[in-house]
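Below: structure_23.cif (mmCIF, N, CA and C atoms and all ligand atoms)
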data_protein
loop_
_atom_site.group_PDB
_atom_site.id
_atom_site.type_symbol
_atom_site.label_atom_id
_atom_site.label_comp_id
_atom_site.auth_asym_id
_atom_site.auth_seq_id
_atom_site.Cartn_x
_atom_site.Cartn_y
_atom_site.Cartn_z
ATOM 1 N N MET A 1 2.366 13.592 21.591
ATOM 2 C CA MET A 1 3.594 13.217 20.870
ATOM 3 C C MET A 1 3.299 12.953 19.402
ATOM 4 N N ASN A 2 4.019 13.603 18.593
ATOM 5 C CA ASN A 2 3.817 13.445 17.158
ATOM 6 C C ASN A 2 4.945 12.618 16.573
ATOM 7 N N LYS A 3 4.628 11.363 16.347
ATOM 8 C CA LYS A 3 5.629 10.469 15.826
ATOM 9 C C LYS A 3 5.701 10.582 14.313
ATOM 10 N N ARG A 4 6.862 10.785 13.825
ATOM 11 C CA ARG A 4 7.015 10.906 12.369
ATOM 12 C C ARG A 4 7.405 9.578 11.765
ATOM 13 N N TRP A 5 6.585 9.167 10.857
ATOM 14 C CA TRP A 5 6.857 7.888 10.217
ATOM 15 C C TRP A 5 7.600 8.102 8.916
ATOM 16 N N THR A 6 8.587 7.290 8.705
ATOM 17 C CA THR A 6 9.268 7.273 7.421
ATOM 18 C C THR A 6 9.023 5.911 6.796
ATOM 19 N N ILE A 7 9.322 5.786 5.551
ATOM 20 C CA ILE A 7 9.103 4.508 4.868
ATOM 21 C C ILE A 7 9.928 3.409 5.548
ATOM 22 N N HIS A 8 11.059 3.769 6.101
ATOM 23 C CA HIS A 8 11.905 2.769 6.767
ATOM 24 C C HIS A 8 11.287 2.296 8.080
ATOM 25 N N LYS A 9 10.731 3.249 8.818
ATOM 26 C CA LYS A 9 10.078 2.888 10.075
ATOM 27 C C LYS A 9 8.836 2.054 9.814
ATOM 28 N N ILE A 10 8.116 2.426 8.778
ATOM 29 C CA ILE A 10 6.919 1.682 8.426
ATOM 30 C C ILE A 10 7.282 0.267 8.016
ATOM 31 N N ASN A 11 8.300 0.153 7.203
ATOM 32 C CA ASN A 11 8.763 -1.165 6.774
ATOM 33 C C ASN A 11 9.135 -2.021 7.986
ATOM 34 N N ASP A 12 9.790 -1.409 8.932
ATOM 35 C CA ASP A 12 10.180 -2.074 10.161
ATOM 36 C C ASP A 12 8.948 -2.527 10.950
ATOM 37 N N PHE A 13 7.993 -1.626 11.055
ATOM 38 C CA PHE A 13 6.752 -1.930 11.776
ATOM 39 C C PHE A 13 6.014 -3.084 11.109
ATOM 40 N N VAL A 14 5.928 -3.043 9.804
ATOM 41 C CA VAL A 14 5.234 -4.085 9.057
ATOM 42 C C VAL A 14 5.908 -5.435 9.269
ATOM 43 N N GLU A 15 7.215 -5.422 9.236
ATOM 44 C CA GLU A 15 7.954 -6.673 9.436
ATOM 45 C C GLU A 15 7.738 -7.261 10.821
ATOM 46 N N LYS A 16 7.722 -6.390 11.815
ATOM 47 C CA LYS A 16 7.632 -6.868 13.192
ATOM 48 C C LYS A 16 6.212 -7.168 13.636
ATOM 49 N N ASN A 17 5.245 -6.512 13.017
ATOM 50 C CA ASN A 17 3.878 -6.612 13.529
ATOM 51 C C ASN A 17 2.892 -7.296 12.596
ATOM 52 N N SER A 18 3.355 -7.813 11.505
ATOM 53 C CA SER A 18 2.437 -8.497 10.616
ATOM 54 C C SER A 18 3.183 -9.541 9.802
ATOM 55 N N GLU A 19 2.413 -10.325 9.069
ATOM 56 C CA GLU A 19 3.029 -11.301 8.171
ATOM 57 C C GLU A 19 3.077 -10.771 6.753
ATOM 58 N N SER A 20 2.648 -9.547 6.601
ATOM 59 C CA SER A 20 2.646 -8.937 5.280
ATOM 60 C C SER A 20 3.968 -8.235 5.016
ATOM 61 N N LYS A 21 4.174 -7.917 3.761
ATOM 62 C CA LYS A 21 5.373 -7.196 3.375
ATOM 63 C C LYS A 21 5.005 -5.860 2.769
ATOM 64 N N LEU A 22 5.801 -4.868 3.031
ATOM 65 C CA LEU A 22 5.572 -3.559 2.441
ATOM 66 C C LEU A 22 6.217 -3.497 1.066
ATOM 67 N N LEU A 23 5.433 -3.111 0.069
ATOM 68 C CA LEU A 23 5.969 -3.030 -1.292
ATOM 69 C C LEU A 23 6.287 -1.595 -1.694
ATOM 70 N N SER A 24 5.562 -0.661 -1.097
ATOM 71 C CA SER A 24 5.803 0.735 -1.437
ATOM 72 C C SER A 24 7.181 1.167 -0.960
ATOM 73 N N THR A 25 7.767 2.070 -1.689
ATOM 74 C CA THR A 25 9.111 2.513 -1.324
ATOM 75 C C THR A 25 9.145 3.990 -0.955
ATOM 76 N N GLU A 26 7.961 4.602 -0.984
ATOM 77 C CA GLU A 26 7.899 6.006 -0.589
ATOM 78 C C GLU A 26 6.692 6.244 0.286
ATOM 79 N N TYR A 27 6.838 7.147 1.213
ATOM 80 C CA TYR A 27 5.729 7.479 2.097
ATOM 81 C C TYR A 27 5.559 8.991 2.135
ATOM 82 N N HIS A 28 4.337 9.420 1.819
ATOM 83 C CA HIS A 28 4.109 10.866 1.736
ATOM 84 C C HIS A 28 3.131 11.388 2.770
ATOM 85 N N GLY A 29 2.599 10.495 3.598
ATOM 86 C CA GLY A 29 1.660 10.991 4.607
ATOM 87 C C GLY A 29 0.543 10.013 4.864
ATOM 88 N N PHE A 30 -0.231 10.326 5.901
ATOM 89 C CA PHE A 30 -1.236 9.394 6.385
ATOM 90 C C PHE A 30 -2.331 9.079 5.382
ATOM 91 N N SER A 31 -2.593 9.964 4.448
ATOM 92 C CA SER A 31 -3.688 9.729 3.517
ATOM 93 C C SER A 31 -3.261 8.881 2.321
ATOM 94 N N GLN A 32 -1.968 8.640 2.234
ATOM 95 C CA GLN A 32 -1.465 7.862 1.108
ATOM 96 C C GLN A 32 -1.721 6.383 1.298
ATOM 97 N N LYS A 33 -2.144 5.744 0.238
ATOM 98 C CA LYS A 33 -2.304 4.302 0.307
ATOM 99 C C LYS A 33 -0.979 3.635 0.007
ATOM 100 N N LEU A 34 -0.611 2.723 0.882
ATOM 101 C CA LEU A 34 0.625 1.978 0.680
ATOM 102 C C LEU A 34 0.288 0.607 0.107
ATOM 103 N N GLU A 35 1.218 0.057 -0.622
ATOM 104 C CA GLU A 35 0.988 -1.250 -1.202
ATOM 105 C C GLU A 35 1.673 -2.314 -0.346
ATOM 106 N N PHE A 36 0.900 -3.346 -0.035
ATOM 107 C CA PHE A 36 1.426 -4.430 0.779
ATOM 108 C C PHE A 36 1.272 -5.741 0.038
ATOM 109 N N GLN A 37 2.073 -6.702 0.445
ATOM 110 C CA GLN A 37 1.860 -8.053 -0.034
ATOM 111 C C GLN A 37 1.535 -8.938 1.154
ATOM 112 N N CYS A 38 0.381 -9.562 1.080
ATOM 113 C CA CYS A 38 -0.098 -10.426 2.145
ATOM 114 C C CYS A 38 0.720 -11.715 2.168
ATOM 115 N N ALA A 39 0.661 -12.429 3.295
ATOM 116 C CA ALA A 39 1.374 -13.701 3.415
ATOM 117 C C ALA A 39 0.895 -14.709 2.376
ATOM 118 N N CYS A 40 -0.359 -14.551 1.913
ATOM 119 C CA CYS A 40 -0.907 -15.479 0.928
ATOM 120 C C CYS A 40 -0.418 -15.152 -0.478
ATOM 121 N N GLY A 41 0.228 -14.018 -0.642
ATOM 122 C CA GLY A 41 0.749 -13.641 -1.936
ATOM 123 C C GLY A 41 -0.029 -12.527 -2.620
ATOM 124 N N SER A 42 -1.252 -12.276 -2.143
ATOM 125 C CA SER A 42 -2.064 -11.217 -2.740
ATOM 126 C C SER A 42 -1.534 -9.848 -2.351
ATOM 127 N N ARG A 43 -1.708 -8.929 -3.268
ATOM 128 C CA ARG A 43 -1.327 -7.557 -2.962
ATOM 129 C C ARG A 43 -2.553 -6.774 -2.548
ATOM 130 N N PHE A 44 -2.374 -5.849 -1.662
ATOM 131 C CA PHE A 44 -3.490 -4.991 -1.272
ATOM 132 C C PHE A 44 -2.976 -3.609 -0.922
ATOM 133 N N GLU A 45 -3.896 -2.659 -0.990
ATOM 134 C CA GLU A 45 -3.533 -1.284 -0.687
ATOM 135 C C GLU A 45 -4.278 -0.810 0.538
ATOM 136 N N LYS A 46 -3.596 -0.072 1.363
ATOM 137 C CA LYS A 46 -4.191 0.431 2.579
ATOM 138 C C LYS A 46 -3.388 1.615 3.060
ATOM 139 N N THR A 47 -4.065 2.518 3.748
ATOM 140 C CA THR A 47 -3.285 3.579 4.374
ATOM 141 C C THR A 47 -2.596 2.991 5.596
ATOM 142 N N PHE A 48 -1.484 3.576 5.966
ATOM 143 C CA PHE A 48 -0.756 3.053 7.115
ATOM 144 C C PHE A 48 -1.577 3.209 8.397
ATOM 145 N N THR A 49 -2.384 4.245 8.443
ATOM 146 C CA THR A 49 -3.250 4.451 9.609
ATOM 147 C C THR A 49 -4.168 3.260 9.819
ATOM 148 N N LYS A 50 -4.786 2.808 8.749
ATOM 149 C CA LYS A 50 -5.667 1.654 8.855
ATOM 150 C C LYS A 50 -4.887 0.399 9.210
ATOM 151 N N PHE A 51 -3.786 0.245 8.567
ATOM 152 C CA PHE A 51 -2.943 -0.916 8.811
ATOM 153 C C PHE A 51 -2.561 -0.999 10.290
ATOM 154 N N LYS A 52 -2.154 0.116 10.812
ATOM 155 C CA LYS A 52 -1.634 0.151 12.175
ATOM 156 C C LYS A 52 -2.757 0.254 13.211
ATOM 157 N N ASN A 53 -3.619 1.226 13.075
ATOM 158 C CA ASN A 53 -4.614 1.490 14.116
ATOM 159 C C ASN A 53 -5.829 0.576 14.037
ATOM 160 N N ASN A 54 -6.198 0.170 12.841
ATOM 161 C CA ASN A 54 -7.378 -0.691 12.707
ATOM 162 C C ASN A 54 -7.011 -2.168 12.547
ATOM 163 N N HIS A 55 -5.740 -2.427 12.668
ATOM 164 C CA HIS A 55 -5.244 -3.802 12.592
ATOM 165 C C HIS A 55 -5.661 -4.510 11.305
ATOM 166 N N GLN A 56 -5.684 -3.768 10.229
ATOM 167 C CA GLN A 56 -5.984 -4.364 8.927
ATOM 168 C C GLN A 56 -4.657 -4.726 8.278
ATOM 169 N N ARG A 57 -4.147 -5.860 8.676
ATOM 170 C CA ARG A 57 -2.776 -6.182 8.281
ATOM 171 C C ARG A 57 -2.676 -7.327 7.294
ATOM 172 N N LYS A 58 -3.830 -7.706 6.745
ATOM 173 C CA LYS A 58 -3.827 -8.741 5.723
ATOM 174 C C LYS A 58 -4.727 -8.298 4.581
ATOM 175 N N CYS A 59 -4.701 -9.068 3.489
ATOM 176 C CA CYS A 59 -5.564 -8.720 2.373
ATOM 177 C C CYS A 59 -7.017 -9.028 2.741
ATOM 178 N N ASP A 60 -7.926 -8.530 1.930
ATOM 179 C CA ASP A 60 -9.351 -8.686 2.232
ATOM 180 C C ASP A 60 -9.795 -10.141 2.235
ATOM 181 N N ALA A 61 -9.083 -10.986 1.518
ATOM 182 C CA ALA A 61 -9.443 -12.398 1.472
ATOM 183 C C ALA A 61 -9.095 -13.088 2.787
ATOM 184 N N CYS A 62 -7.940 -12.759 3.336
ATOM 185 C CA CYS A 62 -7.494 -13.371 4.576
ATOM 186 C C CYS A 62 -8.149 -12.722 5.792
ATOM 187 N N GLN A 63 -8.449 -11.464 5.662
ATOM 188 C CA GLN A 63 -9.054 -10.728 6.756
ATOM 189 C C GLN A 63 -10.172 -9.841 6.220
ATOM 190 N N PRO A 64 -11.369 -10.415 6.052
ATOM 191 C CA PRO A 64 -12.466 -9.638 5.483
ATOM 192 C C PRO A 64 -12.756 -8.404 6.320
ATOM 193 N N PRO A 65 -13.019 -7.295 5.658
ATOM 194 C CA PRO A 65 -13.288 -6.047 6.381
ATOM 195 C C PRO A 65 -14.503 -6.206 7.280
ATOM 196 N N LYS A 66 -14.368 -5.710 8.477
ATOM 197 C CA LYS A 66 -15.494 -5.768 9.415
ATOM 198 C C LYS A 66 -16.198 -4.416 9.443
ATOM 199 N N THR A 67 -17.497 -4.495 9.567
ATOM 200 C CA THR A 67 -18.254 -3.246 9.633
ATOM 201 C C THR A 67 -18.373 -2.767 11.071
ATOM 202 N N SER A 68 -18.469 -3.712 11.994
ATOM 203 C CA SER A 68 -18.549 -3.320 13.397
ATOM 204 C C SER A 68 -17.622 -4.192 14.226
ATOM 205 N N ARG A 69 -17.475 -3.831 15.461
ATOM 206 C CA ARG A 69 -16.663 -4.545 16.414
ATOM 207 C C ARG A 69 -15.171 -4.346 16.268
HETATM 208 ZN ZN ZN B 1 -4.059 -12.737 2.073
#

Could you render the structure from this file as structure tokens?
Ligand SMILES: [Zn+2]
Amino acid sequence: MNKRWTIHKINDFVEKNSESKLLSTEYHGFSQKLEFQCACGSRFEKTFTKFKNNHQRKCDACQPPKTSR
């Protein structure tokens, strides 16, 4: 199943599945970095794939990147 994401669906997903906010207003594909605002107020950029599949839903300060596990 190939689910097509739009900026609206992504915004919805971000709202329901994280404490971050989506700042980007356009979505052009999986390789695009989207801009988010973390609950702490910091902004960070991430592809939606990472945000969704790797559960990287906060800024690096609140959720330091893990190398393993
Ligand atoms: Zn944060």

**Item:** Residues near Glu26 in chain A, cut-off 12 Å, only C-alpha atoms, skip fewer than 5 positions along chain, as a PyMOL selection string
**Value:** chain A and resi 5-11+32-35+48

**Request:** Evaluate the PyMOL selection byres (((not hetatm) and name CA) within 12 of (chain B and resi 1)) here and jot the selected residues down as a ChimeraX atom specification.
**Result:** /A:18-21,36-45,56-64

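Between CA of Val14 in chain A and atom N of Asn53 in chain A the separation is 11.1 Å.
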
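The space separating CA of Lys66 in chain A from CA of Lys50 in chain A comes to 12.3 Å.
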
**Message:** Can you measure atom N of Thr47 in chain A to atom C of Asn17 in chain A for me? One decimal in Å is fine.
**Reply:** 14.9 Å

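Among the candidates A:Asn54, A:Glu15, A:Lys3, A:Thr49, the residue lying nearest to Gly29 in chain A is A:Thr49 (atoms considered: all atoms listed in the file).
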
**All alpha helix (DSSP H) residues (DSSP, backbone) inside chain A, as a VMD selection string** = chain A and resid 7 to 17 48 to 53

Can you write just those residues out, N, CA and C atoms, as a PDB file, in the frame of the given file?
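Once written, part.pdb looks like this:
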ATOM      1  N   ILE A   7       9.322   5.786   5.551  1.00  0.00           N
ATOM      2  CA  ILE A   7       9.103   4.508   4.868  1.00  0.00           C
ATOM      3  C   ILE A   7       9.928   3.409   5.548  1.00  0.00           C
ATOM      4  N   HIS A   8      11.059   3.769   6.101  1.00  0.00           N
ATOM      5  CA  HIS A   8      11.905   2.769   6.767  1.00  0.00           C
ATOM      6  C   HIS A   8      11.287   2.296   8.080  1.00  0.00           C
ATOM      7  N   LYS A   9      10.731   3.249   8.818  1.00  0.00           N
ATOM      8  CA  LYS A   9      10.078   2.888  10.075  1.00  0.00           C
ATOM      9  C   LYS A   9       8.836   2.054   9.814  1.00  0.00           C
ATOM     10  N   ILE A  10       8.116   2.426   8.778  1.00  0.00           N
ATOM     11  CA  ILE A  10       6.919   1.682   8.426  1.00  0.00           C
ATOM     12  C   ILE A  10       7.282   0.267   8.016  1.00  0.00           C
ATOM     13  N   ASN A  11       8.300   0.153   7.203  1.00  0.00           N
ATOM     14  CA  ASN A  11       8.763  -1.165   6.774  1.00  0.00           C
ATOM     15  C   ASN A  11       9.135  -2.021   7.986  1.00  0.00           C
ATOM     16  N   ASP A  12       9.790  -1.409   8.932  1.00  0.00           N
ATOM     17  CA  ASP A  12      10.180  -2.074  10.161  1.00  0.00           C
ATOM     18  C   ASP A  12       8.948  -2.527  10.950  1.00  0.00           C
ATOM     19  N   PHE A  13       7.993  -1.626  11.055  1.00  0.00           N
ATOM     20  CA  PHE A  13       6.752  -1.930  11.776  1.00  0.00           C
ATOM     21  C   PHE A  13       6.014  -3.084  11.109  1.00  0.00           C
ATOM     22  N   VAL A  14       5.928  -3.043   9.804  1.00  0.00           N
ATOM     23  CA  VAL A  14       5.234  -4.085   9.057  1.00  0.00           C
ATOM     24  C   VAL A  14       5.908  -5.435   9.269  1.00  0.00           C
ATOM     25  N   GLU A  15       7.215  -5.422   9.236  1.00  0.00           N
ATOM     26  CA  GLU A  15       7.954  -6.673   9.436  1.00  0.00           C
ATOM     27  C   GLU A  15       7.738  -7.261  10.821  1.00  0.00           C
ATOM     28  N   LYS A  16       7.722  -6.390  11.815  1.00  0.00           N
ATOM     29  CA  LYS A  16       7.632  -6.868  13.192  1.00  0.00           C
ATOM     30  C   LYS A  16       6.212  -7.168  13.636  1.00  0.00           C
ATOM     31  N   ASN A  17       5.245  -6.512  13.017  1.00  0.00           N
ATOM     32  CA  ASN A  17       3.878  -6.612  13.529  1.00  0.00           C
ATOM     33  C   ASN A  17       2.892  -7.296  12.596  1.00  0.00           C
ATOM     34  N   PHE A  48      -1.484   3.576   5.966  1.00  0.00           N
ATOM     35  CA  PHE A  48      -0.756   3.053   7.115  1.00  0.00           C
ATOM     36  C   PHE A  48      -1.577   3.209   8.397  1.00  0.00           C
ATOM     37  N   THR A  49      -2.384   4.245   8.443  1.00  0.00           N
ATOM     38  CA  THR A  49      -3.250   4.451   9.609  1.00  0.00           C
ATOM     39  C   THR A  49      -4.168   3.260   9.819  1.00  0.00           C
ATOM     40  N   LYS A  50      -4.786   2.808   8.749  1.00  0.00           N
ATOM     41  CA  LYS A  50      -5.667   1.654   8.855  1.00  0.00           C
ATOM     42  C   LYS A  50      -4.887   0.399   9.210  1.00  0.00           C
ATOM     43  N   PHE A  51      -3.786   0.245   8.567  1.00  0.00           N
ATOM     44  CA  PHE A  51      -2.943  -0.916   8.811  1.00  0.00           C
ATOM     45  C   PHE A  51      -2.561  -0.999  10.290  1.00  0.00           C
ATOM     46  N   LYS A  52      -2.154   0.116  10.812  1.00  0.00           N
ATOM     47  CA  LYS A  52      -1.634   0.151  12.175  1.00  0.00           C
ATOM     48  C   LYS A  52      -2.757   0.254  13.211  1.00  0.00           C
ATOM     49  N   ASN A  53      -3.619   1.226  13.075  1.00  0.00           N
ATOM     50  CA  ASN A  53      -4.614   1.490  14.116  1.00  0.00           C
ATOM     51  C   ASN A  53      -5.829   0.576  14.037  1.00  0.00           C
TER      52      ASN A  53
END

According to DSSP computed on the backbone, where in range 2-69 of chain A is there strand (DSSP E or B)? Give the residues as an mmCIF file with N, CA and C atoms, in the coordinates of the input.
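That gives us selection-v9.cif:
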data_model
loop_
_atom_site.group_PDB
_atom_site.id
_atom_site.type_symbol
_atom_site.label_atom_id
_atom_site.label_comp_id
_atom_site.auth_asym_id
_atom_site.auth_seq_id
_atom_site.Cartn_x
_atom_site.Cartn_y
_atom_site.Cartn_z
ATOM 1 N N LYS A 21 4.174 -7.917 3.761
ATOM 2 C CA LYS A 21 5.373 -7.196 3.375
ATOM 3 C C LYS A 21 5.005 -5.860 2.769
ATOM 4 N N LEU A 22 5.801 -4.868 3.031
ATOM 5 C CA LEU A 22 5.572 -3.559 2.441
ATOM 6 C C LEU A 22 6.217 -3.497 1.066
ATOM 7 N N LYS A 33 -2.144 5.744 0.238
ATOM 8 C CA LYS A 33 -2.304 4.302 0.307
ATOM 9 C C LYS A 33 -0.979 3.635 0.007
ATOM 10 N N LEU A 34 -0.611 2.723 0.882
ATOM 11 C CA LEU A 34 0.625 1.978 0.680
ATOM 12 C C LEU A 34 0.288 0.607 0.107
ATOM 13 N N GLU A 35 1.218 0.057 -0.622
ATOM 14 C CA GLU A 35 0.988 -1.250 -1.202
ATOM 15 C C GLU A 35 1.673 -2.314 -0.346
ATOM 16 N N PHE A 36 0.900 -3.346 -0.035
ATOM 17 C CA PHE A 36 1.426 -4.430 0.779
ATOM 18 C C PHE A 36 1.272 -5.741 0.038
ATOM 19 N N GLN A 37 2.073 -6.702 0.445
ATOM 20 C CA GLN A 37 1.860 -8.053 -0.034
ATOM 21 C C GLN A 37 1.535 -8.938 1.154
ATOM 22 N N ARG A 43 -1.708 -8.929 -3.268
ATOM 23 C CA ARG A 43 -1.327 -7.557 -2.962
ATOM 24 C C ARG A 43 -2.553 -6.774 -2.548
ATOM 25 N N PHE A 44 -2.374 -5.849 -1.662
ATOM 26 C CA PHE A 44 -3.490 -4.991 -1.272
ATOM 27 C C PHE A 44 -2.976 -3.609 -0.922
ATOM 28 N N GLU A 45 -3.896 -2.659 -0.990
ATOM 29 C CA GLU A 45 -3.533 -1.284 -0.687
ATOM 30 C C GLU A 45 -4.278 -0.810 0.538
ATOM 31 N N LYS A 46 -3.596 -0.072 1.363
ATOM 32 C CA LYS A 46 -4.191 0.431 2.579
ATOM 33 C C LYS A 46 -3.388 1.615 3.060
ATOM 34 N N THR A 47 -4.065 2.518 3.748
ATOM 35 C CA THR A 47 -3.285 3.579 4.374
ATOM 36 C C THR A 47 -2.596 2.991 5.596
#

Could the centre and edge lengths of an axis-aligned box, enclosing all atoms of range 20-29 of chain A in the file with 6 Å extra on each side, be given in Å to one decimal as lines of an AutoDock Vina configuration file?
center_x = 4.8
center_y = 0.9
center_z = 2.5
size_x = 20.6
size_y = 32.9
size_z = 20.3
